[in-house]
Amino acid sequence: MKKIVSLLVVLVCTMSCSKDFIERNPISTVSTEVLYKTDKDFQDAVIGIYQPFQPQYMNFWQLGDLPGDDTEQQHSAAFDLVNMNNFILNSSLNILSTSWLNYYQIIFRANTVLSNIEKADVAVVTRKDRHIGEAKFLRAMAYFDLVRLFGDVPLLSAPISALEAAQKGRDKVDAIYDELIIKDLIEAEAKLPEKYTGVDVGRATKGAARALLGKVYLTRKDFVKAEAKLKEVTTMGYALLPNFNDLWDYTKDEHHSEYIYDIEYVDGGQGLGSTFSNAFAPNLSQIINFFGLRGAGGQNGSPTEGLFSLYAATDKRKAISVSRVIDGLVDKNGTFIPMVPIDATTYTRKYMTTLINPNDSKANWKVIRYADVLLMYAEALNENGKTTEALTTLNLVRTRAGVPVFTGLAQTETRDKIYTERRLELYLEGHRWFDLVRTGRALTVLQTQGIKSYMTVFPIPLNQIQVINNPTIFPQNPGYD
């Protein structure tokens with residue numbers, strides 16, 4: 001925790017939320033006495049809250065997909081990824097320590113902004129409500145991820161000293177939901193605009209706050225509130241794109257009718273892009289050249305054969321979501337390009353786009369899109385005994401995919417169909433592991449991968465345990481001692 005409280009608010013406008021916004025010039029780090037005066041000062045400070053989400057979500061698939069049953073690490077040289085895939089977990093895994101520090105950096109920056117903006121004069125800080133809404137949305141999002149990953153964590157709602165941090169224990173998950181996450185999202189929803197224009201596109205909106213709040217309620221099994229909140233999102237003008245593949249066409253604007261909230265990246269040789277295009281590509285020259293990539297393929301995020309078997313032959317999502325290397329490729333002239341797998345025998349095409357430089361892709365990470373909202377809404381409706389309405393909502397997603405709709409199913413069967421549809425629609429978008437845990441199916445589904453009963457949360461990073469060095473107030477999660 002000493003590392004966390006020693007972090008300064010670094011306002012790096014080159015790493016913000018909107019793709020135009022990302023390209024703005026850096027703001028120098030200054031003291032808070034000088035910094036927090038004008039509306040622009042607070043706007044720039046809020047930009048600094050967004051920034052750590054970019055490196056964090058670059059590897060979010062390792063947390064949200066890799067432990068699940070739909071993704072496997074076929075490239076065996078990536079030892080940490082193989083271990084995560086097979087539940088060989090320990091508190092020294094790098095992904096855990098970097099995640100902890102990224103999220104608490106976000107929280108520290110949000111707390112600093114919020115503590116300073118309270119006394120700001122609205123006549124000077126004219127967008128005060130919006131700045132508060134963004135800071136609270138981002139803080140809630142960080143805490144939502146933290147409690148889903150680690151369980152009980154320190155609840156910090158204001159800046160604290162190093163001495164206070166060294167004595168701060170872990171707070172209960174329920175308290176964090178009740179005292180911060182839900183309250184923050186309710187206030188963010190009230191204060192954020194429905195949309196932005198120009199360089200502000202990509203910031204958190206009212207729809208993003210509502211959708212995330214609906215997911216929070218669903219995670220807590222408060223299906224009545226989840227239904228109500230997600231229904232509100234369906235009245236805000238969002239719509240499924242007619243063509244699923246357009247979601248993954250990076251020659252088009254990613255801020256379309258289905259977009260709700262992304263972690264945003266930008267290409268162009270500036271080093272501000274994502275690594276997704278390289279990370280998920282097999283390391284084969286035919287694939288690298290076909291998709292216009294640069295550098296090597298990381299051979300990560302391979303779909304399992306179990307997932308392949310779930311897609312109907314007519315499912316329009318299948319070709320771009322899951323591919324086999326051995327099936328080769330067909331170029332624009334109709335010429336077949338044969339391939340022999342090396343390490344990765346399967347891959348996804350969702351994040352493939354032409355690159356100028358290696359690991360510098362324009363592909364965003366879709367945190368929440370409208371199809372996710374519809375499937376969550378269908379789940380909430382079904383759990384509330386409104387199965388016919390749930391099927392109607394579920395069928396919106398299936399119709400877009402070109403597969404037969406469901407009718408006349410009972411609640412239990414509908415529940416299973418919704419769970420399966422989330423796998424088909426949202427593969428490698430950071431959902432599967434969290435879906436298995438929140439629905440209580442992780443231990444059953446993942447037995448063959450080596451999961452044990454205590455592994456529905458990850459170990460607290462060892463360096464954080466060592467900083468506090470007091471198991472009475474800061475214990476390790478059970479099973480990882």
# chains A, B, ... in the order shown; residues from 1 in each chain; ligands from 1
>>> select_by_dssp(residues="region 153-312 of chain A", states="helix (DSSP H, G or I)", output="VMD selection string")
chain A and resid 162 to 166 173 to 191 198 to 200 206 to 219 223 to 234 244 to 248 276 to 279 285 to 290 305 to 308
>>> write_last_selection(atoms="C-alpha atoms", output="compact mmCIF listing (two decimals), in the first residue's frame")
# COMPACT_ATOMS: atom_id res chain seq x y z
CA ALA A 162 1.38 6.50 3.98
CA LEU A 163 1.03 5.80 7.70
CA GLU A 164 -2.73 5.30 7.36
CA ALA A 165 -2.19 3.06 4.35
CA ALA A 166 0.22 0.85 6.28
CA VAL A 173 -16.97 -7.18 -0.52
CA ASP A 174 -20.56 -6.36 0.46
CA ALA A 175 -19.47 -3.15 2.17
CA ILE A 176 -17.53 -2.08 -0.93
CA TYR A 177 -20.57 -2.69 -3.13
CA ASP A 178 -22.96 -0.90 -0.78
CA GLU A 179 -20.77 1.97 0.36
CA LEU A 180 -18.96 2.82 -2.86
CA ILE A 181 -19.61 0.93 -6.11
CA ILE A 182 -23.38 1.29 -6.22
CA LYS A 183 -23.44 4.81 -4.78
CA ASP A 184 -20.74 5.96 -7.20
CA LEU A 185 -22.57 4.55 -10.21
CA ILE A 186 -25.91 6.04 -9.17
CA GLU A 187 -24.29 9.46 -8.84
CA ALA A 188 -22.35 9.00 -12.08
CA GLU A 189 -25.57 8.10 -13.88
CA ALA A 190 -27.21 11.29 -12.61
CA LYS A 191 -24.32 13.59 -13.55
CA GLY A 198 -15.69 15.80 -30.99
CA VAL A 199 -12.63 14.98 -28.95
CA ASP A 200 -14.71 14.05 -25.90
CA LYS A 206 -24.91 8.02 -18.61
CA GLY A 207 -25.53 4.83 -20.62
CA ALA A 208 -22.19 3.36 -19.54
CA ALA A 209 -22.99 4.07 -15.88
CA ARG A 210 -26.45 2.50 -16.19
CA ALA A 211 -25.13 -0.58 -17.99
CA LEU A 212 -22.34 -1.13 -15.47
CA LEU A 213 -24.78 -0.65 -12.59
CA GLY A 214 -27.05 -3.25 -14.18
CA LYS A 215 -24.10 -5.65 -14.32
CA VAL A 216 -23.31 -4.94 -10.67
CA TYR A 217 -26.89 -5.74 -9.65
CA LEU A 218 -26.81 -8.92 -11.76
CA THR A 219 -23.52 -9.98 -10.15
CA PHE A 223 -32.41 -9.44 -10.35
CA VAL A 224 -35.25 -6.99 -9.76
CA LYS A 225 -32.93 -3.98 -9.75
CA ALA A 226 -30.87 -5.46 -12.57
CA GLU A 227 -33.96 -5.83 -14.75
CA ALA A 228 -35.09 -2.27 -14.07
CA LYS A 229 -31.69 -0.70 -14.71
CA LEU A 230 -30.91 -2.71 -17.83
CA LYS A 231 -34.37 -1.96 -19.21
CA GLU A 232 -33.52 1.74 -18.91
CA VAL A 233 -30.46 1.15 -21.09
CA THR A 234 -32.66 -0.43 -23.78
CA PHE A 244 -21.83 -8.79 -36.33
CA ASN A 245 -18.59 -8.64 -38.31
CA ASP A 246 -18.79 -4.83 -38.44
CA LEU A 247 -17.97 -4.83 -34.73
CA TRP A 248 -14.50 -6.02 -35.68
CA PHE A 276 -4.36 -7.31 -29.24
CA SER A 277 -3.70 -7.86 -32.95
CA ASN A 278 -0.27 -9.35 -32.28
CA ALA A 279 -1.17 -11.06 -29.01
CA SER A 285 3.96 -15.61 -41.73
CA GLN A 286 0.87 -16.45 -43.79
CA ILE A 287 -1.43 -15.09 -41.08
CA ILE A 288 0.82 -12.09 -40.32
CA ASN A 289 0.86 -11.12 -44.01
CA PHE A 290 -2.81 -11.88 -44.66
CA GLU A 305 -12.62 -27.25 -29.22
CA GLY A 306 -15.50 -27.19 -26.76
CA LEU A 307 -16.35 -23.66 -27.86
CA PHE A 308 -16.08 -24.57 -31.54
>>> residues_around(residues="Ser302 (chain A)", least_positions_apart="4", cutoff="6 Å", atoms="only C-alpha atoms", output="mmCIF file with N, CA and C atoms, in the first residue's frame")
data_model
loop_
_atom_site.group_PDB
_atom_site.id
_atom_site.type_symbol
_atom_site.label_atom_id
_atom_site.label_comp_id
_atom_site.auth_asym_id
_atom_site.auth_seq_id
_atom_site.Cartn_x
_atom_site.Cartn_y
_atom_site.Cartn_z
ATOM 1 N N THR A 71 -11.214 -20.570 -23.489
ATOM 2 C CA THR A 71 -9.910 -20.081 -23.938
ATOM 3 C C THR A 71 -8.815 -20.946 -23.325
ATOM 4 N N GLU A 72 -7.802 -21.253 -24.114
ATOM 5 C CA GLU A 72 -6.681 -22.032 -23.591
ATOM 6 C C GLU A 72 -5.368 -21.446 -24.078
ATOM 7 N N THR A 346 -5.605 -22.917 -32.958
ATOM 8 C CA THR A 346 -6.837 -22.149 -33.125
ATOM 9 C C THR A 346 -6.574 -20.699 -32.743
ATOM 10 N N TYR A 347 -7.408 -19.808 -33.258
ATOM 11 C CA TYR A 347 -7.238 -18.384 -32.949
ATOM 12 C C TYR A 347 -8.536 -17.648 -33.231
#
>>> select_by_dssp(residues="region 255-305 of chain A", states="strand (DSSP E or B)", output="ChimeraX atom specification")
/A:259-263,274,302-303
>>> write_last_selection(atoms="C-alpha atoms", output="JSON list (two decimals), in the first residue's frame")
[["chain", "number", "residue", "atom", "x", "y", "z"],
["A", 259, "TYR", "CA", -20.92, 0.89, -28.52],
["A", 260, "ILE", "CA", -21.49, 1.74, -24.86],
["A", 261, "TYR", "CA", -18.02, 1.86, -23.31],
["A", 262, "ASP", "CA", -14.55, 0.86, -24.53],
["A", 263, "ILE", "CA", -11.01, 1.08, -23.31],
["A", 274, "SER", "CA", -3.11, -1.97, -28.16],
["A", 302, "SER", "CA", -6.85, -19.71, -28.42],
["A", 303, "PRO", "CA", -10.49, -20.88, -28.50]]
>>> closest_residue(among="A:Thr407, A:Gly297, A:Val373, A:Leu146", to="Tyr238 (chain A)", atoms="only C-alpha atoms")
A:Val373
>>> closest_residue(among="A:Arg398, A:Arg127, A:Arg294, A:Lys362", to="Ala312 (chain A)", atoms="only C-alpha atoms")
A:Arg398
>>> closest_residue(among="A:Leu138, A:Leu310, A:Ala239, A:Val125", to="Glu258 (chain A)", atoms="only C-alpha atoms")
A:Ala239
